[in-house]
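For reference, the structure is listed below as structure tokens.
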Amino acid sequence: MTDGAFKGFGPKAIPFLKALDFHQSREWFLENRDLFEQELRDPLGDLVDTLTQRFADAGLGLRGDRKKSLFRINRDVRFAKDKRPYNRHVSAILSPDGSKAVQGVFYIHIGLEGCFAGVAWWQPEAALLLAMRRAIETWPDRFRAMVKALKKNGLELDAEGAMKRTPRGFEHVTDKDLVGAIRSRHFAVRHAIDPAGIHKVALVDELVDFTLRAKPLLDWGRAIEGNVPEC
């Protein structure tokens, strides 16, 4: 058990993930479960609790729960070709209602493929994505102001995974920046974390600073989401 204040991930956090990835064995994991909880799971829970308080103090409208916000270390392999049972990372989400089922979230990822945080409207459902595209088309100045504010804060929207063609109904949009945005399947910004920094309490300040810098994206998406009719 911990007192809930984030003190850093354990010194063996990344080595544990490397060993787990090497063994990919339930027997090995169960033998080393205490190490997993001490080095990774409990510190991640502490981080979620600490960020929830800090985000509330900053008026960011994002919160989490040390149990519900964490993703499982076990992979869902039911429909996957890759049948390895364990992830190469731990991760968690803080959101407006504390669940994983809503958009406009903060995401933290600590793993072998890198450590990073993101603020995102990630692959939103069809109605919200259409509303976002319509907002870009109808109020381009608002979208450009948001992009400009992000850039001033040292951030830029993720362009990966965009559609190769403009979706139907938006063919008349010709401005290059707007076309690129309308083809996007998500709207997200990302912050790389130095793996050496995950062991330090200062990670909290780093993540709060990043999320404050990403606030223009949260505000833009929330304004649009608030006008999407419920099904």
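In the structure tokens, chains take letters A, B, ... by order of appearance, with residues numbered from 1 within each chain and ligands from 1 in the order shown.
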For Ile110 (chain A), work out the shell of residues within 7 Å, counting only C-alpha atoms and skipping chain neighbours fewer than 5 positions away, then give it as a PDB file with all heavy atoms, in the first residue's frame.
```
ATOM      1  N   HIS A  89       4.230  -2.307 -21.793  1.00  0.00           N
ATOM      2  CA  HIS A  89       4.088  -0.994 -21.164  1.00  0.00           C
ATOM      3  C   HIS A  89       2.982  -1.043 -20.104  1.00  0.00           C
ATOM      4  O   HIS A  89       2.199  -1.991 -20.057  1.00  0.00           O
ATOM      5  CB  HIS A  89       3.726   0.068 -22.212  1.00  0.00           C
ATOM      6  CG  HIS A  89       2.419  -0.201 -22.889  1.00  0.00           C
ATOM      7  ND1 HIS A  89       2.320  -0.919 -24.065  1.00  0.00           N
ATOM      8  CD2 HIS A  89       1.141   0.112 -22.540  1.00  0.00           C
ATOM      9  CE1 HIS A  89       1.057  -1.020 -24.416  1.00  0.00           C
ATOM     10  NE2 HIS A  89       0.311  -0.408 -23.503  1.00  0.00           N
ATOM     11  N   VAL A  90       2.943   0.010 -19.297  1.00  0.00           N
ATOM     12  CA  VAL A  90       1.787   0.290 -18.445  1.00  0.00           C
ATOM     13  C   VAL A  90       1.248   1.656 -18.868  1.00  0.00           C
ATOM     14  O   VAL A  90       1.993   2.507 -19.372  1.00  0.00           O
ATOM     15  CB  VAL A  90       2.154   0.287 -16.945  1.00  0.00           C
ATOM     16  CG1 VAL A  90       2.572  -1.103 -16.498  1.00  0.00           C
ATOM     17  CG2 VAL A  90       3.238   1.316 -16.628  1.00  0.00           C
ATOM     18  N   SER A  91      -0.046   1.859 -18.674  1.00  0.00           N
ATOM     19  CA  SER A  91      -0.646   3.109 -19.133  1.00  0.00           C
ATOM     20  C   SER A  91      -1.921   3.398 -18.355  1.00  0.00           C
ATOM     21  O   SER A  91      -2.480   2.520 -17.687  1.00  0.00           O
ATOM     22  CB  SER A  91      -0.951   3.037 -20.634  1.00  0.00           C
ATOM     23  OG  SER A  91      -1.789   1.929 -20.929  1.00  0.00           O
ATOM     24  N   CYS A 115       8.406   6.423 -23.448  1.00  0.00           N
ATOM     25  CA  CYS A 115       7.564   6.993 -22.404  1.00  0.00           C
ATOM     26  C   CYS A 115       7.025   8.322 -22.917  1.00  0.00           C
ATOM     27  O   CYS A 115       7.793   9.155 -23.400  1.00  0.00           O
ATOM     28  CB  CYS A 115       8.374   7.210 -21.120  1.00  0.00           C
ATOM     29  SG  CYS A 115       9.132   5.701 -20.457  1.00  0.00           S
ATOM     30  N   PHE A 116       5.709   8.499 -22.821  1.00  0.00           N
ATOM     31  CA  PHE A 116       5.126   9.728 -23.341  1.00  0.00           C
ATOM     32  C   PHE A 116       3.768   9.985 -22.702  1.00  0.00           C
ATOM     33  O   PHE A 116       3.167   9.097 -22.085  1.00  0.00           O
ATOM     34  CB  PHE A 116       4.983   9.673 -24.864  1.00  0.00           C
ATOM     35  CG  PHE A 116       4.028   8.625 -25.376  1.00  0.00           C
ATOM     36  CD1 PHE A 116       2.677   8.917 -25.564  1.00  0.00           C
ATOM     37  CD2 PHE A 116       4.457   7.343 -25.670  1.00  0.00           C
ATOM     38  CE1 PHE A 116       1.793   7.955 -26.033  1.00  0.00           C
ATOM     39  CE2 PHE A 116       3.584   6.370 -26.146  1.00  0.00           C
ATOM     40  CZ  PHE A 116       2.255   6.688 -26.327  1.00  0.00           C
TER      41      PHE A 116
END
```
*asked:* So that I can check the surroundings of Gly114 (chain A), please list as a PyMOL selection string every protein, DNA and RNA residue that reaches within 10 Å of it, counting only C-alpha atoms and ignoring chain neighbours fewer than 3 positions away.
replied: chain A and resi 88-89+109-111+192-195
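Between CA of Ala131 (chain A) and CA of Phe170 (chain A) lies a distance of 12.3 Å.
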*Extract, using only C-alpha atoms, all DNA, RNA and protein residues at most 8 Å from region 12-26 of chain A, discarding same-chain residues fewer than 5 positions from it, and format them as a PyMOL selection string.*
chain A and resi 35-36+39-40+84-89+111-112
*Could you name the residues that touch Ala181 (chain A) at 10 Å or less, counting only C-alpha atoms, but leaving out those on the same chain fewer than 4 positions away, as a PyMOL selection string?*
chain A and resi 132-133+136-137+143+157-159+162-163+166+176-177+185-187
*Neighbour list for Thr50 (chain A) as number ranges by chain, cut-off 7 Å, only C-alpha atoms, skip fewer than 4 positions in-chain*: A: 5-6, 46, 54
List every residue of region 92-179 of chain A that DSSP, applied to the backbone of this structure, places in strand (DSSP E), and write the result as a short mmCIF file (atom, residue, chain, number, x, y, z; two decimals) with C-alpha atoms, in the first residue's frame.
```
data_model
loop_
_atom_site.label_atom_id
_atom_site.label_comp_id
_atom_site.auth_asym_id
_atom_site.auth_seq_id
_atom_site.Cartn_x
_atom_site.Cartn_y
_atom_site.Cartn_z
CA ALA A 92 -3.57 5.08 -17.74
CA ILE A 93 -6.18 7.65 -18.76
CA LEU A 94 -7.59 10.67 -16.93
CA VAL A 105 -8.48 12.80 -22.30
CA PHE A 106 -4.98 12.76 -20.84
CA TYR A 107 -3.01 9.56 -21.47
CA ILE A 108 0.24 8.40 -19.85
CA HIS A 109 2.39 5.58 -21.29
CA ILE A 110 5.49 4.08 -19.65
CA GLY A 111 7.04 1.34 -21.74
CA GLY A 114 9.04 4.87 -25.16
CA CYS A 115 7.56 6.99 -22.40
CA PHE A 116 5.13 9.73 -23.34
CA ALA A 117 1.96 11.59 -22.46
CA GLY A 118 -0.83 12.71 -24.75
CA VAL A 119 -3.91 14.88 -24.73
CA ALA A 120 -6.38 13.68 -27.31
CA TRP A 121 -9.72 13.31 -28.94
#
```
*asked:* Using DSSP assignments from the backbone, pull out every residue in region 34-229 of chain A that falls under alpha helix (DSSP H) and give it to me as a PyMOL selection string.
replied: chain A and resi 34-36+42-57+126-138+140-152+176-182+203-213+215-225
*Using only C-alpha atoms, determine which residues lie at most 9 Å from Leu217 (chain A), disregarding the query and same-chain residues fewer than 2 positions distant; provide the list as a PyMOL selection string.*
chain A and resi 104+119-121+146-147+149-150+157+187-189+213-215+219-222
*Would you kindly return, as a list in words, each protein, DNA or RNA residue with an atom no farther than 10 Å from any atom of Lys68 (chain A), considering only C-alpha atoms and excluding same-chain residues fewer than 2 positions away?*
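That gives Gly45, Gly64, Asp65, Arg66, Leu70, Phe71, Arg72, Ala92, Ile93, Leu94, Gly98, Ser99 and Lys100 of chain A.
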*May I ask for the distance between CA of Arg190 (chain A) and CA of Glu171 (chain A), given in Å to one decimal place?*
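Computing it gives 29.1 Å between the two atoms.
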*Counting only C-alpha atoms, figure out which residue out of A:Lys81, A:Gly61, A:Glu160, A:Arg142 gets nearest to Ile224 (chain A).*
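Checking each candidate against Ile224 (chain A), we get A:Arg142 as the closest.
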_As an exercise, work out the distance from CA of His172 (chain A) to CA of Pro216 (chain A) in Å and give it to one decimal place._
27.0 Å
